[in-house]
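Structure data (PDB, C-alpha atoms (C1' of nucleotides)) from protein.pdb:
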ATOM      1  CA  MET N   8     107.269  -0.980-107.057
ATOM      2  CA  SER N   9     104.250  -3.254-107.447
ATOM      3  CA  ASN N  10     101.754  -3.705-104.661
ATOM      4  CA  SER N  11     102.520  -7.382-104.286
ATOM      5  CA  LYS N  12     106.219  -6.610-103.831
ATOM      6  CA  ILE N  13     105.409  -4.002-101.185
ATOM      7  CA  ILE N  14     103.185  -6.524 -99.405
ATOM      8  CA  SER N  15     106.098  -8.977 -99.483
ATOM      9  CA  VAL N  16     108.394  -6.404 -97.887
ATOM     10  CA  LEU N  17     106.001  -6.199 -94.948
ATOM     11  CA  LYS N  18     105.073  -9.894 -94.783
ATOM     12  CA  ASP N  19     108.686 -11.060 -94.997
ATOM     13  CA  ARG N  20     109.440  -9.124 -91.837
ATOM     14  CA  GLY N  21     106.356 -10.361 -90.052
ATOM     15  CA  LEU N  22     104.705  -6.939 -90.075
ATOM     16  CA  LYS N  23     100.963  -6.539 -90.269
ATOM     17  CA  VAL N  24      99.798  -5.542 -93.744
ATOM     18  CA  THR N  25      97.315  -2.661 -93.975
ATOM     19  CA  PRO N  26      96.248  -0.522 -96.926
ATOM     20  CA  GLN N  27      97.663   2.522 -95.150
ATOM     21  CA  ARG N  28     101.101   0.940 -94.682
ATOM     22  CA  ILE N  29     101.153  -0.156 -98.317
ATOM     23  CA  ALA N  30     100.285   3.379 -99.428
ATOM     24  CA  VAL N  31     103.016   4.994 -97.325
ATOM     25  CA  LEU N  32     105.670   2.519 -98.404
ATOM     26  CA  ASP N  33     104.616   2.906-102.032
ATOM     27  CA  ALA N  34     104.917   6.685-101.755
ATOM     28  CA  LEU N  35     108.367   6.377-100.207
ATOM     29  CA  TYR N  36     109.599   3.989-102.882
ATOM     30  CA  SER N  37     108.189   6.184-105.649
ATOM     31  CA  THR N  38     110.403   9.179-104.862
ATOM     32  CA  ASN N  39     114.091   9.741-104.208
ATOM     33  CA  GLU N  40     113.738  13.295-102.957
ATOM     34  CA  HIS N  41     113.792  12.386 -99.244
ATOM     35  CA  PRO N  42     110.342  13.829 -98.596
ATOM     36  CA  SER N  43     109.125  15.512 -95.463
ATOM     37  CA  ALA N  44     106.117  13.974 -93.731
ATOM     38  CA  GLU N  45     103.869  16.684 -95.178
ATOM     39  CA  LYS N  46     105.135  16.016 -98.702
ATOM     40  CA  LEU N  47     104.581  12.309 -98.176
ATOM     41  CA  ILE N  48     101.033  12.964 -96.990
ATOM     42  CA  ASP N  49     100.409  14.809-100.262
ATOM     43  CA  ILE N  50     101.730  11.890-102.306
ATOM     44  CA  VAL N  51      99.813   9.278-100.310
ATOM     45  CA  ARG N  52      96.560  11.214-100.571
ATOM     46  CA  ARG N  53      96.678  11.411-104.360
ATOM     47  CA  ASN N  54      95.482   7.809-104.359
ATOM     48  CA  ASN N  55      94.122   7.564-100.822
ATOM     49  CA  PRO N  56      92.556  10.893 -99.907
ATOM     50  CA  HIS N  57      91.037   9.572 -96.682
ATOM     51  CA  ILE N  58      94.184   8.458 -94.850
ATOM     52  CA  ALA N  59      94.633  10.456 -91.650
ATOM     53  CA  LYS N  60      97.672  12.621 -91.087
ATOM     54  CA  GLY N  61      98.350  11.120 -87.658
ATOM     55  CA  THR N  62      98.246   7.642 -89.144
ATOM     56  CA  ILE N  63     101.005   8.512 -91.592
ATOM     57  CA  TYR N  64     103.210   9.926 -88.841
ATOM     58  CA  LYS N  65     102.565   6.808 -86.805
ATOM     59  CA  ILE N  66     103.375   4.517 -89.729
ATOM     60  CA  LEU N  67     106.615   6.414 -90.383
ATOM     61  CA  ASP N  68     107.686   5.925 -86.762
ATOM     62  CA  PHE N  69     106.783   2.270 -87.026
ATOM     63  CA  PHE N  70     108.812   1.845 -90.222
ATOM     64  CA  ILE N  71     111.786   3.500 -88.556
ATOM     65  CA  GLU N  72     111.593   1.071 -85.616
ATOM     66  CA  SER N  73     111.302  -1.767 -88.119
ATOM     67  CA  GLY N  74     114.354  -0.574 -90.042
ATOM     68  CA  LEU N  75     112.466  -0.022 -93.316
ATOM     69  CA  VAL N  76     112.957   3.740 -93.239
ATOM     70  CA  LYS N  77     115.540   6.126 -91.877
ATOM     71  CA  LYS N  78     115.259   9.704 -90.743
ATOM     72  CA  VAL N  79     117.549  11.988 -92.696
ATOM     73  CA  HIS N  80     119.648  14.312 -90.528
ATOM     74  CA  SER N  81     119.040  17.859 -91.690
ATOM     75  CA  ALA N  82     119.147  21.491 -90.643
ATOM     76  CA  GLY N  83     115.612  22.185 -91.779
ATOM     77  CA  ASP N  84     112.564  22.601 -89.628
ATOM     78  CA  ARG N  85     110.842  19.461 -90.835
ATOM     79  CA  MET N  86     111.893  15.861 -90.639
ATOM     80  CA  ARG N  87     112.902  14.108 -93.864
ATOM     81  CA  TYR N  88     112.594  10.389 -94.615
ATOM     82  CA  ASP N  89     114.547   7.895 -96.726
ATOM     83  CA  ALA N  90     113.535   4.352 -97.622
ATOM     84  CA  PHE N  91     116.754   3.526 -99.500
ATOM     85  CA  THR N  92     118.483   1.369 -96.906
ATOM     86  CA  GLU N  93     121.830   0.558 -98.526
ATOM     87  CA  ARG N  94     124.806   2.440 -97.098
ATOM     88  CA  HIS N  95     124.918   5.771 -98.878
ATOM     89  CA  HIS N  96     125.626   9.455 -98.343
ATOM     90  CA  HIS N  97     123.831  12.712 -99.030
ATOM     91  CA  LEU N  98     124.360  15.947-100.925
ATOM     92  CA  TYR N  99     122.738  18.925 -99.202
ATOM     93  CA  SER N 100     121.887  22.143-100.982
ATOM     94  CA  LEU N 101     122.868  25.238 -99.009
ATOM     95  CA  ASP N 102     120.292  27.286-100.980
ATOM     96  CA  THR N 103     117.251  25.054-100.996
ATOM     97  CA  ASP N 104     115.884  22.052 -99.153
ATOM     98  CA  ARG N 105     117.091  19.661-101.844
ATOM     99  CA  ILE N 106     118.832  16.504-100.578
ATOM    100  CA  GLU N 107     120.224  13.945-103.025
ATOM    101  CA  ASP N 108     121.851  10.573-102.636
ATOM    102  CA  TYR N 109     125.584  10.113-103.101
ATOM    103  CA  HIS N 110     126.672   6.533-103.528
ATOM    104  CA  ASP N 111     130.236   5.337-104.058
ATOM    105  CA  GLU N 112     131.729   2.006-103.084
ATOM    106  CA  GLU N 113     135.269   3.352-103.025
ATOM    107  CA  LEU N 114     134.269   5.952-100.440
ATOM    108  CA  ASN N 115     132.579   3.287 -98.340
ATOM    109  CA  ALA N 116     135.742   1.196 -98.537
ATOM    110  CA  ILE N 117     137.933   4.139 -97.495
ATOM    111  CA  LEU N 118     135.740   4.857 -94.492
ATOM    112  CA  GLU N 119     135.575   1.180 -93.574
ATOM    113  CA  GLU N 120     139.387   1.011 -93.718
ATOM    114  CA  TYR N 121     139.817   4.155 -91.644
ATOM    115  CA  PHE N 122     137.480   3.063 -88.858
ATOM    116  CA  LYS N 123     138.770  -0.516 -88.813
ATOM    117  CA  LYS N 124     142.095   0.617 -87.398
ATOM    118  CA  ARG N 125     140.739   3.436 -85.269
ATOM    119  CA  SER N 126     138.136   2.807 -82.606
ATOM    120  CA  ILE N 127     136.468   5.635 -80.727
ATOM    121  CA  PRO N 128     136.694   5.408 -76.918
ATOM    122  CA  HIS N 129     133.344   4.882 -75.195
ATOM    123  CA  PHE N 130     131.477   4.719 -78.485
ATOM    124  CA  ARG N 131     130.165   1.811 -80.545
ATOM    125  CA  ILE N 132     129.733   2.825 -84.177
ATOM    126  CA  GLU N 133     126.594   1.573 -85.903
ATOM    127  CA  ASP N 134     126.357   3.760 -88.982
ATOM    128  CA  ILE N 135     128.481   6.302 -90.817
ATOM    129  CA  GLN N 136     127.215   8.871 -93.258
ATOM    130  CA  LEU N 137     128.873  11.713 -95.084
ATOM    131  CA  HIS N 138     127.080  15.042 -95.368
ATOM    132  CA  ILE N 139     128.311  16.892 -98.414
ATOM    133  CA  LYS N 140     127.050  20.456 -98.326
ATOM    134  CA  GLY N 141     127.231  22.857-101.234
ATOM    135  CA  LYS N 142     125.351  24.126-104.220
ATOM    136  CA  PHE N 143     123.651  22.340-107.090
ATOM    137  CA  ILE N 144     124.594  23.936-110.404
ATOM    138  CA  GLU N 145     122.461  23.274-113.460
TER     139      GLU N 145
ATOM    140  CA  MET O   5     136.014  32.910 -72.571
ATOM    141  CA  SER O   6     136.389  36.411 -71.104
ATOM    142  CA  ASN O   7     133.957  39.160 -72.040
ATOM    143  CA  SER O   8     136.670  41.256 -73.648
ATOM    144  CA  LYS O   9     137.657  38.351 -75.899
ATOM    145  CA  ILE O  10     134.044  37.834 -76.919
ATOM    146  CA  ILE O  11     133.750  41.547 -77.687
ATOM    147  CA  SER O  12     136.863  41.227 -79.846
ATOM    148  CA  VAL O  13     135.324  38.346 -81.781
ATOM    149  CA  LEU O  14     132.440  40.632 -82.722
ATOM    150  CA  LYS O  15     134.470  43.834 -83.208
ATOM    151  CA  ASP O  16     137.097  42.125 -85.359
ATOM    152  CA  ARG O  17     134.398  41.151 -87.814
ATOM    153  CA  GLY O  18     132.816  44.575 -87.797
ATOM    154  CA  LEU O  19     129.689  43.331 -86.031
ATOM    155  CA  LYS O  20     127.726  45.558 -83.695
ATOM    156  CA  VAL O  21     128.377  44.731 -80.054
ATOM    157  CA  THR O  22     125.330  44.368 -77.799
ATOM    158  CA  PRO O  23     124.950  42.842 -74.345
ATOM    159  CA  GLN O  24     122.555  40.275 -75.824
ATOM    160  CA  ARG O  25     125.032  39.140 -78.482
ATOM    161  CA  ILE O  26     127.787  38.872 -75.880
ATOM    162  CA  ALA O  27     125.539  36.766 -73.663
ATOM    163  CA  VAL O  28     124.581  34.366 -76.477
ATOM    164  CA  LEU O  29     128.156  33.967 -77.692
ATOM    165  CA  ASP O  30     129.352  33.436 -74.134
ATOM    166  CA  ALA O  31     126.732  30.723 -73.630
ATOM    167  CA  LEU O  32     127.756  29.018 -76.876
ATOM    168  CA  TYR O  33     131.454  29.088 -75.991
ATOM    169  CA  SER O  34     130.773  27.801 -72.480
ATOM    170  CA  THR O  35     129.346  24.462 -73.614
ATOM    171  CA  ASN O  36     130.363  21.775 -76.089
ATOM    172  CA  GLU O  37     127.067  19.923 -76.019
ATOM    173  CA  HIS O  38     125.685  21.506 -79.199
ATOM    174  CA  PRO O  39     122.696  23.036 -77.442
ATOM    175  CA  SER O  40     119.226  23.562 -78.837
ATOM    176  CA  ALA O  41     117.925  27.115 -78.910
ATOM    177  CA  GLU O  42     115.756  26.414 -75.861
ATOM    178  CA  LYS O  43     118.744  25.041 -73.929
ATOM    179  CA  LEU O  44     120.747  28.088 -74.917
ATOM    180  CA  ILE O  45     117.959  30.371 -73.721
ATOM    181  CA  ASP O  46     118.156  28.642 -70.324
ATOM    182  CA  ILE O  47     121.924  29.175 -70.151
ATOM    183  CA  VAL O  48     121.735  32.811 -71.277
ATOM    184  CA  ARG O  49     118.969  33.623 -68.786
ATOM    185  CA  ARG O  50     120.958  32.369 -65.807
ATOM    186  CA  ASN O  51     122.878  35.646 -66.004
ATOM    187  CA  ASN O  52     120.476  37.704 -68.104
ATOM    188  CA  PRO O  53     116.930  36.736 -67.147
ATOM    189  CA  HIS O  54     115.376  39.542 -69.184
ATOM    190  CA  ILE O  55     116.637  38.654 -72.674
ATOM    191  CA  ALA O  56     113.720  37.838 -74.997
ATOM    192  CA  LYS O  57     113.358  34.443 -76.655
ATOM    193  CA  GLY O  58     112.869  35.991 -80.086
ATOM    194  CA  THR O  59     116.038  38.021 -79.666
ATOM    195  CA  ILE O  60     118.070  34.882 -79.058
ATOM    196  CA  TYR O  61     116.642  33.164 -82.148
ATOM    197  CA  LYS O  62     117.385  36.315 -84.148
ATOM    198  CA  ILE O  63     120.940  36.512 -82.833
ATOM    199  CA  LEU O  64     121.537  32.842 -83.664
ATOM    200  CA  ASP O  65     120.406  33.435 -87.254
ATOM    201  CA  PHE O  66     122.644  36.478 -87.415
ATOM    202  CA  PHE O  67     125.650  34.525 -86.119
ATOM    203  CA  ILE O  68     125.019  31.820 -88.716
ATOM    204  CA  GLU O  69     124.998  34.414 -91.509
ATOM    205  CA  SER O  70     128.183  35.862 -90.045
ATOM    206  CA  GLY O  71     129.862  32.459 -89.941
ATOM    207  CA  LEU O  72     130.354  32.469 -86.172
ATOM    208  CA  VAL O  73     127.960  29.596 -85.592
ATOM    209  CA  LYS O  74     126.772  26.580 -87.548
ATOM    210  CA  LYS O  75     123.566  24.644 -87.421
ATOM    211  CA  VAL O  76     124.128  21.000 -86.593
ATOM    212  CA  HIS O  77     122.248  18.583 -88.855
ATOM    213  CA  SER O  78     120.226  16.230 -86.699
ATOM    214  CA  ALA O  79     117.219  13.920 -86.690
ATOM    215  CA  GLY O  80     115.687  15.562 -83.661
ATOM    216  CA  ASP O  81     112.781  17.948 -83.566
ATOM    217  CA  ARG O  82     114.802  20.942 -82.470
ATOM    218  CA  MET O  83     117.687  22.721 -84.128
ATOM    219  CA  ARG O  84     121.143  22.379 -82.547
ATOM    220  CA  TYR O  85     123.957  24.919 -82.688
ATOM    221  CA  ASP O  86     127.754  24.724 -82.717
ATOM    222  CA  ALA O  87     130.223  27.609 -82.301
ATOM    223  CA  PHE O  88     133.337  25.485 -82.855
ATOM    224  CA  THR O  89     134.180  26.511 -86.396
ATOM    225  CA  GLU O  90     137.201  24.360 -87.260
ATOM    226  CA  ARG O  91     136.492  21.456 -89.600
ATOM    227  CA  HIS O  92     135.278  18.612 -87.446
ATOM    228  CA  HIS O  93     132.793  15.765 -87.342
ATOM    229  CA  HIS O  94     130.117  14.564 -84.949
ATOM    230  CA  LEU O  95     129.203  11.485 -82.949
ATOM    231  CA  TYR O  96     125.449  10.998 -82.635
ATOM    232  CA  SER O  97     123.838   8.900 -79.927
ATOM    233  CA  LEU O  98     121.083   6.642 -81.257
ATOM    234  CA  ASP O  99     119.570   6.459 -77.730
ATOM    235  CA  THR O 100     119.648  10.041 -76.589
ATOM    236  CA  ASP O 101     120.033  13.523 -78.036
ATOM    237  CA  ARG O 102     123.748  13.612 -77.200
ATOM    238  CA  ILE O 103     126.013  14.935 -79.962
ATOM    239  CA  GLU O 104     129.807  15.074 -79.470
ATOM    240  CA  ASP O 105     132.660  16.398 -81.541
ATOM    241  CA  TYR O 106     134.981  14.073 -83.407
ATOM    242  CA  HIS O 107     138.171  15.679 -84.595
ATOM    243  CA  ASP O 108     140.956  13.954 -86.524
ATOM    244  CA  GLU O 109     143.369  15.469 -89.001
ATOM    245  CA  GLU O 110     144.082  12.162 -90.704
ATOM    246  CA  LEU O 111     140.383  11.729 -91.475
ATOM    247  CA  ASN O 112     140.219  15.265 -92.859
ATOM    248  CA  ALA O 113     143.221  14.502 -95.065
ATOM    249  CA  ILE O 114     141.665  11.273 -96.338
ATOM    250  CA  LEU O 115     138.455  13.060 -97.261
ATOM    251  CA  GLU O 116     140.370  15.925 -98.858
ATOM    252  CA  GLU O 117     142.333  13.424-100.926
ATOM    253  CA  TYR O 118     139.230  11.505-101.983
ATOM    254  CA  PHE O 119     137.311  14.569-103.134
ATOM    255  CA  LYS O 120     140.323  16.166-104.833
ATOM    256  CA  LYS O 121     140.320  13.489-107.506
ATOM    257  CA  ARG O 122     136.582  13.032-107.688
ATOM    258  CA  SER O 123     134.264  15.889-108.491
ATOM    259  CA  ILE O 124     130.500  15.563-108.277
ATOM    260  CA  PRO O 125     128.601  16.525-111.447
ATOM    261  CA  HIS O 126     126.409  19.601-111.076
ATOM    262  CA  PHE O 127     127.508  20.151-107.488
ATOM    263  CA  ARG O 128     130.027  22.522-105.909
ATOM    264  CA  ILE O 129     131.182  21.205-102.548
ATOM    265  CA  GLU O 130     131.540  23.755 -99.758
ATOM    266  CA  ASP O 131     131.669  21.624 -96.640
ATOM    267  CA  ILE O 132     131.995  17.974 -95.720
ATOM    268  CA  GLN O 133     131.045  16.428 -92.422
ATOM    269  CA  LEU O 134     130.924  12.880 -91.180
ATOM    270  CA  HIS O 135     127.972  11.740 -89.082
ATOM    271  CA  ILE O 136     129.012   8.823 -86.914
ATOM    272  CA  LYS O 137     125.944   7.250 -85.361
ATOM    273  CA  GLY O 138     126.009   4.729 -82.563
ATOM    274  CA  LYS O 139     125.924   4.321 -78.816
ATOM    275  CA  PHE O 140     127.927   5.950 -76.088
ATOM    276  CA  ILE O 141     129.143   3.326 -73.606
ATOM    277  CA  GLU O 142     130.348   4.421 -70.176
TER     278      GLU O 142
ATOM    279  C1'  DG X   7      83.499 -18.661 -93.266
ATOM    280  C1'  DT X   8      82.985 -16.589 -88.456
ATOM    281  C1'  DC X   9      84.677 -15.062 -84.116
ATOM    282  C1'  DT X  10      87.792 -12.685 -81.322
ATOM    283  C1'  DT X  11      90.892  -9.267 -79.846
ATOM    284  C1'  DA X  12      94.933  -6.633 -79.845
ATOM    285  C1'  DA X  13      96.449  -3.438 -82.921
ATOM    286  C1'  DA X  14      95.642   0.108 -86.340
ATOM    287  C1'  DT X  15      93.150   4.035 -87.974
ATOM    288  C1'  DA X  16      90.136   8.492 -88.358
ATOM    289  C1'  DA X  17      89.227  12.864 -86.911
ATOM    290  C1'  DG X  18      90.437  16.666 -84.949
ATOM    291  C1'  DA X  19      92.065  18.900 -80.590
ATOM    292  C1'  DA X  20      96.334  20.082 -78.367
ATOM    293  C1'  DC X  21     101.231  21.144 -78.039
ATOM    294  C1'  DG X  22     105.370  23.658 -78.596
ATOM    295  C1'  DA X  23     109.554  25.109 -81.155
ATOM    296  C1'  DG X  24     110.274  28.745 -83.847
ATOM    297  C1'  DT X  25     108.516  33.151 -86.208
ATOM    298  C1'  DC X  26     106.322  37.519 -86.555
ATOM    299  C1'  DT X  27     104.557  42.081 -85.107
ATOM    300  C1'  DT X  28     104.872  46.457 -83.082
ATOM    301  C1'  DA X  29     106.451  49.675 -79.852
ATOM    302  C1'  DT X  30     110.577  50.905 -77.555
ATOM    303  C1'  DT X  31     115.474  51.185 -76.833
ATOM    304  C1'  DT X  32     120.277  51.552 -78.145
ATOM    305  C1'  DG X  33     125.040  51.221 -80.409
ATOM    306  C1'  DA X  34     127.967  53.834 -82.713
ATOM    307  C1'  DA X  35     128.932  57.048 -86.388
ATOM    308  C1'  DA X  36     128.798  62.027 -87.298
TER     309       DA X  36
ATOM    310  C1'  DT G  11     125.076  65.100 -77.950
ATOM    311  C1'  DT G  12     122.448  64.142 -81.679
ATOM    312  C1'  DT G  13     120.663  61.059 -84.903
ATOM    313  C1'  DC G  14     118.679  56.985 -86.788
ATOM    314  C1'  DA G  15     119.088  52.479 -88.685
ATOM    315  C1'  DA G  16     119.360  48.519 -86.312
ATOM    316  C1'  DA G  17     118.438  45.732 -82.255
ATOM    317  C1'  DT G  18     115.460  44.297 -78.563
ATOM    318  C1'  DA G  19     111.193  43.160 -75.465
ATOM    319  C1'  DA G  20     106.941  41.194 -75.027
ATOM    320  C1'  DG G  21     103.845  38.290 -76.342
ATOM    321  C1'  DA G  22     100.643  36.786 -80.067
ATOM    322  C1'  DC G  23     100.751  33.596 -83.744
ATOM    323  C1'  DT G  24     102.025  29.644 -86.979
ATOM    324  C1'  DC G  25     102.126  25.176 -88.364
ATOM    325  C1'  DG G  26     104.667  20.684 -88.150
ATOM    326  C1'  DT G  27     104.031  17.103 -85.089
ATOM    327  C1'  DT G  28     101.824  14.571 -81.235
ATOM    328  C1'  DC G  29      98.010  13.132 -78.510
ATOM    329  C1'  DT G  30      93.260  11.504 -77.422
ATOM    330  C1'  DT G  31      89.310   8.782 -77.980
ATOM    331  C1'  DA G  32      86.023   6.291 -80.521
ATOM    332  C1'  DT G  33      85.797   3.201 -84.281
ATOM    333  C1'  DT G  34      87.483  -0.173 -87.507
ATOM    334  C1'  DT G  35      90.273  -3.994 -89.013
ATOM    335  C1'  DA G  36      93.985  -7.665 -89.837
ATOM    336  C1'  DA G  37      94.822 -12.081 -89.054
ATOM    337  C1'  DG G  38      95.080 -16.024 -86.017
ATOM    338  C1'  DA G  39      91.900 -19.539 -83.829
ATOM    339  C1'  DC G  40      88.130 -22.377 -84.466
TER     340       DC G  40
END

Could you take the file, read its structure, and then write that structure out as structure tokens?
Amino acid sequence: MSNSKIISVLKDRGLKVTPQRIAVLDALYSTNEHPSAEKLIDIVRRNNPHIAKGTIYKILDFFIESGLVKKVHSAGDRMRYDAFTERHHHLYSLDTDRIEDYHDEELNAILEEYFKKRSIPHFRIEDIQLHIKGKFIE
Amino acid sequence: MSNSKIISVLKDRGLKVTPQRIAVLDALYSTNEHPSAEKLIDIVRRNNPHIAKGTIYKILDFFIESGLVKKVHSAGDRMRYDAFTERHHHLYSLDTDRIEDYHDEELNAILEEYFKKRSIPHFRIEDIQLHIKGKFIE
DNA sequence: GTCTTAAATAAGAACGAGTCTTATTTGAAA
DNA sequence: TTTCAAATAAGACTCGTTCTTATTTAAGAC
């Protein structure tokens, strides 16, 4: 994604634009592998070697509050991030730390239908995601 | 669950029975709050103050390999564990670290049906779990 | 363009959940 | 009861993440 588009993403939401935020958002949009913070720091520093580690963690938290980024639920020991905000699901490798997107409108419709007629006592649903665990075969 | 039943769980699977394993399994069966390892260590040490932290982590890994326990995918900074092995789903609080079970046969059937007719290229599914995120209201 | 200031960042120390190491103990088969 | 591979205790260590403090900066006001 071009820099000017990334700037628009921030500006349109009334968020302050900084070179560091642009770099982090660019790194997130440039990959679909749901990177860990450490991986993201690597990517960011290819073009911006001076950006501080703590800054990137702080920016990630800020993006999460702002709704630009979501944490990916996982069983690993490091947090994973996802900047693809449309409703989608994930495939989890049981062998490796690979996590891929799974997107299907029919599935979304089925889930929508199911939860429309069935409310959960004492719980207000805000988001639903399927975790599909298994093995990638090449 | 009684001690003799817990011993049976281990014996029936051909697993070595130790006081430490009994204590950890007992702690897991005594709560449905999907405890972190640290929380579990607290529970275990109420009755067995001498059991080492590393031992409990090692036992948890062993139980996971043995299929007695599953890791719960989460966005938090600590791993959570679940000894309820029937197919079920989870409710996640967006405010707190609360995670509750959600169990419904109709939902399982719907998912079964959906994935029966739709295979995912290059992926062999082994387990499917719904993450329902939202807010608990009292 | 310049000023102003709250907010953002740099640098690295600190924290803590989870892992590793080594000596000791033990479950359970023979 | 003997034997020994496996399990445990104790605590040092790792490293992903957070915190602290001084410095810099984005962007609104003038």

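Residue-level contact on chain G: within 12 Å of chain O, counting only C-alpha atoms (C1' of nucleotides), the set is DA16, DA17, DT18, DA19, DA20, DG21, DG26, DT27 and DT28 of chain G.
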
Writing out the chosen residues with C-alpha atoms (C1' of nucleotides) as a tab-separated table (two decimals), in the frame of the given file:
chain	number	residue	atom	x	y	z
G	16	DA	C1'	119.36	48.52	-86.31
G	17	DA	C1'	118.44	45.73	-82.26
G	18	DT	C1'	115.46	44.30	-78.56
G	19	DA	C1'	111.19	43.16	-75.46
G	20	DA	C1'	106.94	41.19	-75.03
G	21	DG	C1'	103.84	38.29	-76.34
G	26	DG	C1'	104.67	20.68	-88.15
G	27	DT	C1'	104.03	17.10	-85.09
G	28	DT	C1'	101.82	14.57	-81.24

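Using all atoms listed in the file, the residues found no farther than 9 Å from Gly83 of chain N, other than those of its own chain fewer than 6 positions away, are Asp104 of chain N; His77 and Met83 of chain O.
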
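Residues matched by the PyMOL selection byres ((chain G and resi 23) around 10) in this file are DT25, DC26 and DT27 of chain X; DG21, DA22, DT24 and DC25 of chain G.
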
key: Two-atom distance - atom CA of Ser100 of chain N, atom CA of Gly141 of chain N (Å)   =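 We find that atom CA of Ser100 of chain N and atom CA of Gly141 of chain N lie 5.4 Å from each other.
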
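Of note, atom CA of Leu47 of chain N and atom CA of Asn115 of chain N are spaced 29.4 Å apart.
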